[in-house]
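One file, work-v9.cif, is given below (mmCIF, C-alpha atoms).
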data_work
#
loop_
_atom_site.label_atom_id
_atom_site.label_comp_id
_atom_site.auth_asym_id
_atom_site.auth_seq_id
_atom_site.Cartn_x
_atom_site.Cartn_y
_atom_site.Cartn_z
CA MET A 1 0.00 0.00 0.00
CA ALA A 2 1.40 3.42 -0.93
CA GLU A 3 2.47 5.63 1.95
CA THR A 4 0.12 8.48 2.75
CA ILE A 5 2.04 11.72 2.82
CA ASP A 6 0.87 14.47 5.15
CA LEU A 7 2.06 17.50 3.20
CA ALA A 8 0.85 19.91 5.86
CA ALA A 9 3.06 18.23 8.45
CA LEU A 10 5.90 17.97 5.96
CA VAL A 11 6.04 21.70 5.26
CA ARG A 12 5.94 22.34 9.01
CA GLY A 13 9.25 20.50 9.16
CA SER A 14 8.32 16.91 9.86
CA LYS A 15 11.35 14.71 9.24
CA PRO A 16 9.41 11.44 9.03
CA GLN A 17 7.04 12.97 6.47
CA TRP A 18 9.98 14.28 4.43
CA ASP A 19 11.60 10.84 4.46
CA ALA A 20 8.31 9.25 3.37
CA PHE A 21 7.91 11.86 0.62
CA VAL A 22 11.41 11.12 -0.69
CA ARG A 23 10.81 7.36 -0.66
CA ARG A 24 7.46 7.72 -2.39
CA TYR A 25 8.39 10.18 -5.16
CA ALA A 26 12.10 9.63 -5.85
CA GLY A 27 11.23 7.10 -8.56
CA LEU A 28 8.87 9.52 -10.28
CA ILE A 29 11.48 12.28 -10.23
CA VAL A 30 14.17 9.96 -11.61
CA SER A 31 11.82 9.03 -14.43
CA ALA A 32 11.05 12.70 -15.11
CA VAL A 33 14.66 13.95 -15.29
CA ARG A 34 16.20 10.92 -16.95
CA SER A 35 15.57 12.18 -20.48
CA HIS A 36 17.53 15.36 -19.71
CA ALA A 37 20.58 13.67 -18.23
CA ARG A 38 23.56 12.80 -20.36
CA GLU A 39 25.10 10.39 -17.85
CA THR A 40 23.96 8.31 -14.88
CA GLY A 41 25.75 10.65 -12.50
CA ASP A 42 23.79 13.54 -13.92
CA VAL A 43 20.51 11.79 -13.06
CA GLU A 44 21.44 11.51 -9.37
CA ASP A 45 22.59 15.12 -9.18
CA LEU A 46 19.47 16.33 -10.95
CA VAL A 47 17.23 14.37 -8.59
CA GLN A 48 19.01 15.92 -5.62
CA GLU A 49 18.61 19.39 -7.12
CA VAL A 50 14.88 18.80 -7.48
CA PHE A 51 14.56 17.82 -3.82
CA VAL A 52 16.68 20.82 -2.81
CA ARG A 53 14.35 23.07 -4.74
CA LEU A 54 11.32 21.55 -3.08
CA CYS A 55 12.56 21.98 0.49
CA LYS A 56 14.64 25.13 0.37
CA ASP A 57 13.49 28.42 1.91
CA GLY A 58 11.16 26.62 4.27
CA TYR A 59 9.56 24.42 1.57
CA ARG A 60 8.53 27.55 -0.35
CA LEU A 61 7.89 25.74 -3.65
CA LEU A 62 6.19 22.77 -2.05
CA LYS A 63 3.85 25.11 -0.21
CA THR A 64 2.57 26.46 -3.53
CA TYR A 65 1.15 23.07 -4.48
CA ASP A 66 -2.63 23.02 -4.33
CA PRO A 67 -4.22 19.54 -4.40
CA ALA A 68 -7.53 21.08 -5.51
CA ARG A 69 -5.94 22.20 -8.78
CA ALA A 70 -3.77 19.28 -9.86
CA GLY A 71 -2.45 15.89 -8.85
CA LEU A 72 0.84 15.80 -6.93
CA SER A 73 2.48 13.35 -9.31
CA THR A 74 1.64 15.52 -12.31
CA TRP A 75 2.89 18.66 -10.62
CA LEU A 76 6.09 17.00 -9.45
CA THR A 77 6.84 15.72 -12.94
CA ILE A 78 6.51 19.20 -14.41
CA VAL A 79 8.56 20.81 -11.63
CA ALA A 80 11.25 18.12 -11.90
CA ARG A 81 11.63 18.52 -15.66
CA SER A 82 11.64 22.28 -15.34
CA THR A 83 14.35 22.15 -12.68
CA ALA A 84 16.46 19.74 -14.71
CA ARG A 85 16.31 22.02 -17.72
CA ASP A 86 17.26 25.04 -15.61
CA ILE A 87 20.27 23.23 -14.14
CA LEU A 88 21.52 21.92 -17.46
CA ARG A 89 21.08 25.26 -19.18
CA ARG A 90 23.23 26.90 -16.50
CA ARG A 91 25.90 24.26 -16.97
CA GLN A 92 26.11 24.77 -20.71
CA PRO A 93 29.11 26.79 -21.88
CA LEU A 94 28.32 30.25 -23.17
CA THR A 95 30.29 29.69 -26.32
CA THR A 96 30.13 26.83 -28.81
CA PRO A 97 33.39 25.37 -30.07
CA TYR A 98 33.96 26.03 -33.74
CA GLU A 99 34.19 22.31 -34.46
CA ALA A 100 30.74 21.74 -32.95
CA VAL A 101 29.01 24.07 -35.37
CA PRO A 102 27.52 22.17 -38.33
CA GLU A 103 28.85 23.17 -41.71
CA SER A 104 25.42 24.14 -42.98
CA ALA A 105 25.22 26.84 -40.32
CA LEU A 106 28.48 28.32 -41.55
CA ALA A 107 27.40 28.40 -45.18
CA VAL A 108 27.37 31.89 -46.56
CA THR A 109 24.80 31.14 -49.21
CA ALA A 110 22.24 29.35 -47.05
CA GLU A 111 18.84 28.93 -48.63
CA PRO A 112 16.26 31.13 -46.93
CA THR A 113 13.55 29.19 -45.17
CA GLU A 114 10.07 30.28 -46.04
CA ARG A 115 7.72 30.50 -43.15
CA ILE A 116 4.01 30.88 -43.54
CA LYS A 117 2.41 33.23 -41.12
CA LEU A 118 -1.13 32.33 -40.20
CA PRO A 119 -3.48 35.12 -39.23
CA ASP A 120 -4.41 35.20 -35.58
CA GLY A 121 -7.66 33.42 -34.89
CA LEU A 122 -7.63 31.30 -38.04
CA LEU A 123 -7.08 28.19 -35.97
CA SER A 124 -8.21 27.67 -32.40
CA PRO A 125 -5.54 27.00 -29.75
CA ARG A 126 -6.62 23.36 -29.61
CA GLN A 127 -6.33 23.01 -33.38
CA LYS A 128 -2.87 24.58 -33.39
CA LEU A 129 -1.74 22.31 -30.60
CA ILE A 130 -3.02 19.18 -32.30
CA LEU A 131 -1.40 20.12 -35.60
CA THR A 132 1.87 20.80 -33.75
CA MET A 133 1.76 17.42 -32.12
CA LEU A 134 0.80 15.62 -35.32
CA TYR A 135 3.25 17.28 -37.69
CA ASP A 136 6.05 18.75 -35.57
CA ARG A 137 6.26 15.87 -33.14
CA ASP A 138 5.09 13.08 -35.45
CA MET A 139 2.84 11.78 -32.73
CA GLU A 140 0.07 9.26 -33.35
CA VAL A 141 -3.58 10.15 -32.85
CA ALA A 142 -3.84 7.72 -29.95
CA GLU A 143 -0.82 9.30 -28.22
CA ILE A 144 -2.24 12.77 -28.62
CA ALA A 145 -5.60 11.63 -27.32
CA ALA A 146 -3.91 10.15 -24.26
CA VAL A 147 -1.96 13.35 -23.58
CA LEU A 148 -4.96 15.62 -24.02
CA LYS A 149 -7.31 13.19 -22.32
CA VAL A 150 -9.84 13.18 -25.11
CA ASP A 151 -11.25 10.57 -27.42
CA PRO A 152 -9.10 9.76 -30.49
CA GLN A 153 -12.10 10.57 -32.67
CA THR A 154 -12.06 14.09 -31.20
CA ILE A 155 -8.46 14.44 -32.34
CA ARG A 156 -9.33 13.32 -35.86
CA SER A 157 -12.31 15.62 -35.96
CA THR A 158 -10.32 18.61 -34.71
CA HIS A 159 -7.56 17.86 -37.20
CA HIS A 160 -10.04 17.63 -40.04
CA LYS A 161 -11.64 20.96 -39.17
CA ALA A 162 -8.25 22.61 -38.94
CA MET A 163 -7.25 21.32 -42.34
CA LEU A 164 -10.51 22.56 -43.84
CA LYS A 165 -9.82 26.03 -42.45
CA LEU A 166 -6.29 26.03 -43.83
CA ARG A 167 -7.40 24.86 -47.27
CA GLU A 168 -10.05 27.52 -47.36
CA HIS A 169 -7.60 30.18 -46.28
CA PHE A 170 -4.96 29.24 -48.83
CA ALA A 171 -7.37 28.63 -51.68
CA PRO A 172 -6.26 30.64 -54.75
CA GLU A 173 -9.58 32.44 -54.97
CA ASN A 174 -9.49 33.52 -51.30
CA PRO A 175 -9.09 37.34 -51.20
CA ALA A 176 -8.02 37.23 -47.52
CA LYS A 177 -4.87 35.40 -48.49
CA SER A 178 -3.42 38.50 -50.18
CA GLY A 179 -3.08 40.06 -46.75
CA VAL A 180 -0.84 37.26 -45.46
CA GLY A 181 2.88 37.93 -45.69
CA ARG A 182 5.49 35.36 -46.49
CA GLY A 183 8.88 35.44 -44.83
CA MET B 1 -11.17 11.79 -15.81
CA SER B 2 -12.45 14.39 -13.31
CA GLU B 3 -14.76 17.07 -14.57
CA PRO B 4 -13.01 20.36 -15.27
CA ARG B 5 -13.66 22.70 -12.46
CA ASP B 6 -15.32 26.00 -13.19
CA MET B 7 -12.87 28.76 -12.53
CA GLU B 8 -13.91 32.01 -10.97
CA SER B 9 -13.61 34.96 -13.36
CA ALA B 10 -10.72 36.45 -11.43
CA GLU B 11 -8.89 33.15 -11.42
CA LEU B 12 -9.44 32.69 -15.14
CA ALA B 13 -8.26 36.24 -15.83
CA ALA B 14 -5.14 35.58 -13.78
CA LEU B 15 -4.40 32.44 -15.78
CA TRP B 16 -4.80 34.32 -19.07
CA ARG B 17 -2.46 37.04 -17.85
CA ARG B 18 0.20 34.55 -16.74
CA PHE B 19 0.38 32.84 -20.11
CA HIS B 20 -0.08 35.99 -22.14
CA MET B 21 2.84 37.59 -20.32
CA LEU B 22 4.91 34.49 -20.87
CA ASP B 23 4.09 34.53 -24.56
CA ARG B 24 5.05 38.19 -24.92
CA ALA B 25 8.27 37.62 -23.02
CA GLY B 26 9.16 34.93 -25.54
CA ARG B 27 9.94 32.42 -22.86
CA ASP B 28 10.70 29.16 -24.51
CA GLN B 29 12.41 27.90 -21.45
CA ALA B 30 11.74 25.88 -18.39
CA VAL B 31 8.84 26.87 -16.24
CA ASP B 32 10.14 28.26 -13.00
CA ASP B 33 7.02 30.04 -11.94
CA ALA B 34 5.13 28.08 -9.33
CA ASP B 35 1.75 29.22 -10.65
CA ILE B 36 2.63 28.23 -14.20
CA ALA B 37 3.65 24.76 -13.06
CA LEU B 38 0.33 24.36 -11.29
CA ASP B 39 -1.58 25.63 -14.34
CA LEU B 40 0.17 23.15 -16.60
CA ALA B 41 -0.44 20.34 -14.16
CA ALA B 42 -4.12 21.25 -13.96
CA TYR B 43 -4.29 21.24 -17.75
CA VAL B 44 -2.60 17.84 -17.99
CA ASP B 45 -5.00 16.42 -15.41
CA GLY B 46 -7.94 17.69 -17.46
CA ARG B 47 -9.13 19.95 -14.67
CA LEU B 48 -9.48 23.10 -16.77
CA SER B 49 -12.46 24.14 -18.83
CA GLU B 50 -12.07 24.70 -22.57
CA VAL B 51 -11.91 28.45 -22.04
CA ALA B 52 -9.26 28.15 -19.34
CA ALA B 53 -7.28 25.68 -21.45
CA GLU B 54 -7.04 27.97 -24.46
CA PRO B 55 -4.15 30.22 -23.38
CA ILE B 56 -2.24 27.16 -22.24
CA GLU B 57 -2.78 25.36 -25.54
CA THR B 58 -1.72 28.45 -27.47
CA TRP B 59 1.42 28.59 -25.40
CA LEU B 60 2.12 24.88 -25.66
CA ALA B 61 1.86 24.98 -29.43
CA ALA B 62 4.62 27.57 -29.51
CA HIS B 63 6.89 26.30 -26.71
CA SER B 64 8.37 22.91 -27.31
CA ASP B 65 9.93 22.46 -23.85
CA ALA B 66 6.62 22.92 -22.10
CA LEU B 67 4.93 20.61 -24.61
CA ASP B 68 7.61 18.02 -23.87
CA ASP B 69 6.73 18.30 -20.18
CA VAL B 70 3.06 17.75 -20.86
CA ILE B 71 3.78 14.73 -23.04
CA ALA B 72 6.25 13.34 -20.49
CA VAL B 73 3.64 13.24 -17.75
CA ARG B 74 1.82 10.51 -19.64
CA SER B 75 4.91 8.35 -19.85
CA ALA B 76 6.20 9.15 -16.36
CA GLY B 77 6.71 6.02 -14.35
CA ASP B 78 8.27 4.90 -11.13
CA ALA B 79 11.92 4.18 -11.81
CA THR B 80 14.09 2.07 -9.54
CA VAL B 81 16.06 4.35 -7.25
CA PRO B 82 19.37 3.42 -5.58
CA GLN B 83 19.26 3.73 -1.79
CA ARG B 84 22.12 6.28 -1.85
CA VAL B 85 19.90 8.66 -3.85
CA ILE B 86 17.13 8.34 -1.28
CA ASP B 87 19.54 8.78 1.63
CA ARG B 88 21.10 11.84 0.01
CA ALA B 89 17.71 13.50 -0.50
CA ALA B 90 16.46 12.54 2.96
CA SER B 91 19.52 14.15 4.55
CA LEU B 92 18.38 17.56 3.29
CA VAL B 93 16.07 17.70 6.28
CA VAL B 94 17.67 17.06 9.66
CA GLY B 95 15.91 15.96 12.78
CA ASP B 96 15.01 12.98 14.90
CA SER B 97 13.42 10.31 12.73
CA SER B 98 11.23 9.20 15.64
CA ASP B 99 9.85 12.65 16.12
CA GLY B 100 8.39 15.11 13.73
CA ARG B 101 10.24 18.27 14.47
CA VAL B 102 13.20 19.63 12.60
CA VAL B 103 15.80 20.80 15.13
CA PRO B 104 18.18 23.44 13.82
CA PHE B 105 21.75 22.88 15.08
CA ARG B 106 22.33 26.36 16.50
CA PRO B 107 22.83 27.38 20.18
CA SER B 108 20.22 29.81 21.45
CA PRO B 109 21.27 33.44 22.02
CA ALA B 110 20.79 33.06 25.81
CA PHE B 111 23.13 30.07 25.88
CA ARG B 112 25.75 31.95 23.84
CA SER B 113 25.75 35.00 26.17
CA TRP B 114 26.05 32.80 29.29
CA ARG B 115 29.19 31.24 27.93
CA VAL B 116 30.64 34.61 27.03
CA HIS B 117 30.07 35.90 30.58
CA VAL B 118 31.75 32.88 32.11
CA ALA B 119 34.74 33.30 29.83
CA ARG B 120 35.10 36.95 30.72
CA VAL B 121 34.89 36.29 34.43
CA ALA B 122 37.50 33.56 34.11
CA VAL B 123 39.93 35.87 32.33
CA ALA B 124 39.42 38.60 34.92
CA ALA B 125 39.97 36.13 37.77
CA CYS B 126 43.21 34.93 36.16
CA LEU B 127 44.50 38.47 35.88
CA VAL B 128 43.65 39.21 39.50
CA LEU B 129 45.26 36.04 40.76
CA THR B 130 48.36 36.58 38.66
CA GLY B 131 48.71 40.11 39.94
CA LEU B 132 48.15 39.07 43.52
CA ALA B 133 50.64 36.27 43.29
CA GLY B 134 53.20 38.53 41.73
CA PHE B 135 52.74 41.17 44.41
CA THR B 136 52.95 38.62 47.17
CA LEU B 137 56.08 37.07 45.81
CA GLY B 138 57.66 40.42 45.18
CA SER B 139 56.97 41.91 48.63
CA GLY B 140 58.03 38.72 50.32
CA ALA B 141 61.33 38.74 48.52
CA TYR B 142 61.97 42.34 49.45
CA ASP B 143 61.23 41.70 53.13
CA ASN B 144 63.49 38.66 53.15
CA LEU B 145 66.28 40.63 51.55
CA PHE B 146 66.33 43.47 54.10
CA SER B 147 65.70 41.38 57.19
CA SER B 148 68.76 39.22 56.52
CA PRO B 149 71.89 40.17 58.74
CA SER B 150 74.33 39.56 55.87
CA VAL B 151 72.92 42.46 54.02
CA SER B 152 74.62 45.70 55.06
CA GLY B 153 73.26 49.03 54.61
CA ASP B 154 76.17 49.82 52.24
CA THR B 155 75.05 47.20 49.76
CA VAL B 156 71.58 48.41 49.23
CA GLU B 157 70.70 51.99 49.43
CA GLN B 158 67.87 52.55 51.83
CA PRO B 159 64.99 54.16 50.17
CA THR B 160 64.65 57.75 51.25
CA SER B 161 61.65 59.88 51.30
CA PHE B 162 61.25 62.68 48.90
CA PHE B 163 61.96 65.29 51.57
CA SER B 164 65.04 63.75 53.14
CA THR B 165 67.04 66.22 55.26
CA GLU B 166 70.30 65.03 53.69
CA ASP B 167 69.15 65.86 50.18
CA ALA B 168 67.81 69.17 51.31
CA ALA B 169 71.36 70.28 52.16
CA ILE B 170 72.35 70.26 48.48
#

Just dump the structure as structure tokens.
Amino acid sequence: MAETIDLAALVRGSKPQWDAFVRRYAGLIVSAVRSHARETGDVEDLVQEVFVRLCKDGYRLLKTYDPARAGLSTWLTIVARSTARDILRRRQPLTTPYEAVPESALAVTAEPTERIKLPDGLLSPRQKLILTMLYDRDMEVAEIAAVLKVDPQTIRSTHHKAMLKLREHFAPENPAKSGVGRG
Amino acid sequence: MSEPRDMESAELAALWRRFHMLDRAGRDQAVDDADIALDLAAYVDGRLSEVAAEPIETWLAAHSDALDDVIAVRSAGDATVPQRVIDRAASLVVGDSSDGRVVPFRPSPAFRSWRVHVARVAVAACLVLTGLAGFTLGSGAYDNLFSSPSVSGDTVEQPTSFFSTEDAAI
């Protein structure tokens, strides 16, 4: 049976509750930061940094958690990943060695990349997000449905509507398209 | 999945402002704002209404790190953790494991001042004793020297007063 953590007692300074909290959630935090770590040693240091962040300044961050708004596991995963990124960004050198720069980036005659700017409001936030996950992340419909906690059919339907809007917007006979800049 | 909770207008406005400000600041970096982390967690847990979710979805579509976080929650598991990792994290909070209270390892101000007083008194007593001993030894030696018959008055000049009649003749 999972240990019941008394967060109120923990943030008042209860050592047994802190120990129980560490035992209960260390695995989750390891899982959350693992993708950011380059080596095994990094994982352990990152996990420690997450716990430091949670308990420092009188458990300031942990006190902001509100169980009425979100689950503790979800919140901890987001905080852990955020902390890991912060730490690793600070460790990165400010300069990049010349040898590490890909040749294409050094090319003087690089081909300009055309970006299409969509007018605000053309797609809803949900439509934009689903298209991002489908085409930028190459995620499957089922994966997206699991992340967004909706039915896969909803994803397909939202995708379809978004594509209809885009086709309509970029149709040759659409006068609104002349107002959209390319660059 | 729990029903999304209806947010009060003020709460919803605050959420919009948080993500709108983030968007304008161009933050494509890790979320270090406690409120933002809670908003994202609420979104992932499906606890936000469609209206409340909109600014978050707009932001997620444009910020890959935050989108990674949201996706990672689904695949987050419970990894095996070496005991040394647990011990290291547990040591961040000191205190008696049988009790609940964290005891900071710092002497109280009253205790510190008591020790300072004792030290000062001890130093003063040493100085007094040293002085007393020195005086005693010194006066004893002087008395012994002048009470001894082998010591003639020619060897040691007797101390005279300031208004000696012999000196006055000069």

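The shortest atom-to-atom distance to chain B, with only C-alpha atoms taken into account, belongs to A:Val79 out of A:Val79, A:Val101, A:Leu123, A:Leu166.
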
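Taking CA of Val147 in chain A and CA of Val47 in chain A as the two end points, the separation is 24.4 Å.
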
Quick one: apply the PyMOL selection byres ((chain A) within 7 of (chain B)) to the file and drop the selected residues here as a PyMOL selection string. chain A and resi 13-16+18-19+22-23+26-28+30-32+44+48+51+61+64-65+69-70+74-75+77-79+81-82+85-86+125-126+128-129+132+147-149

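In this model, the gap between CA of Leu54 in chain A and CA of Arg18 in chain B comes to 21.9 Å.
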
What is the CA of Val43 in chain A-CA of Arg24 in chain A distance in Å, reported with one decimal? 17.3 Å

B:Ala124, B:Leu132, B:Ala13, B:Ala119 ranked by distance to Val51 in chain B, top pick (using only C-alpha atoms): B:Ala13
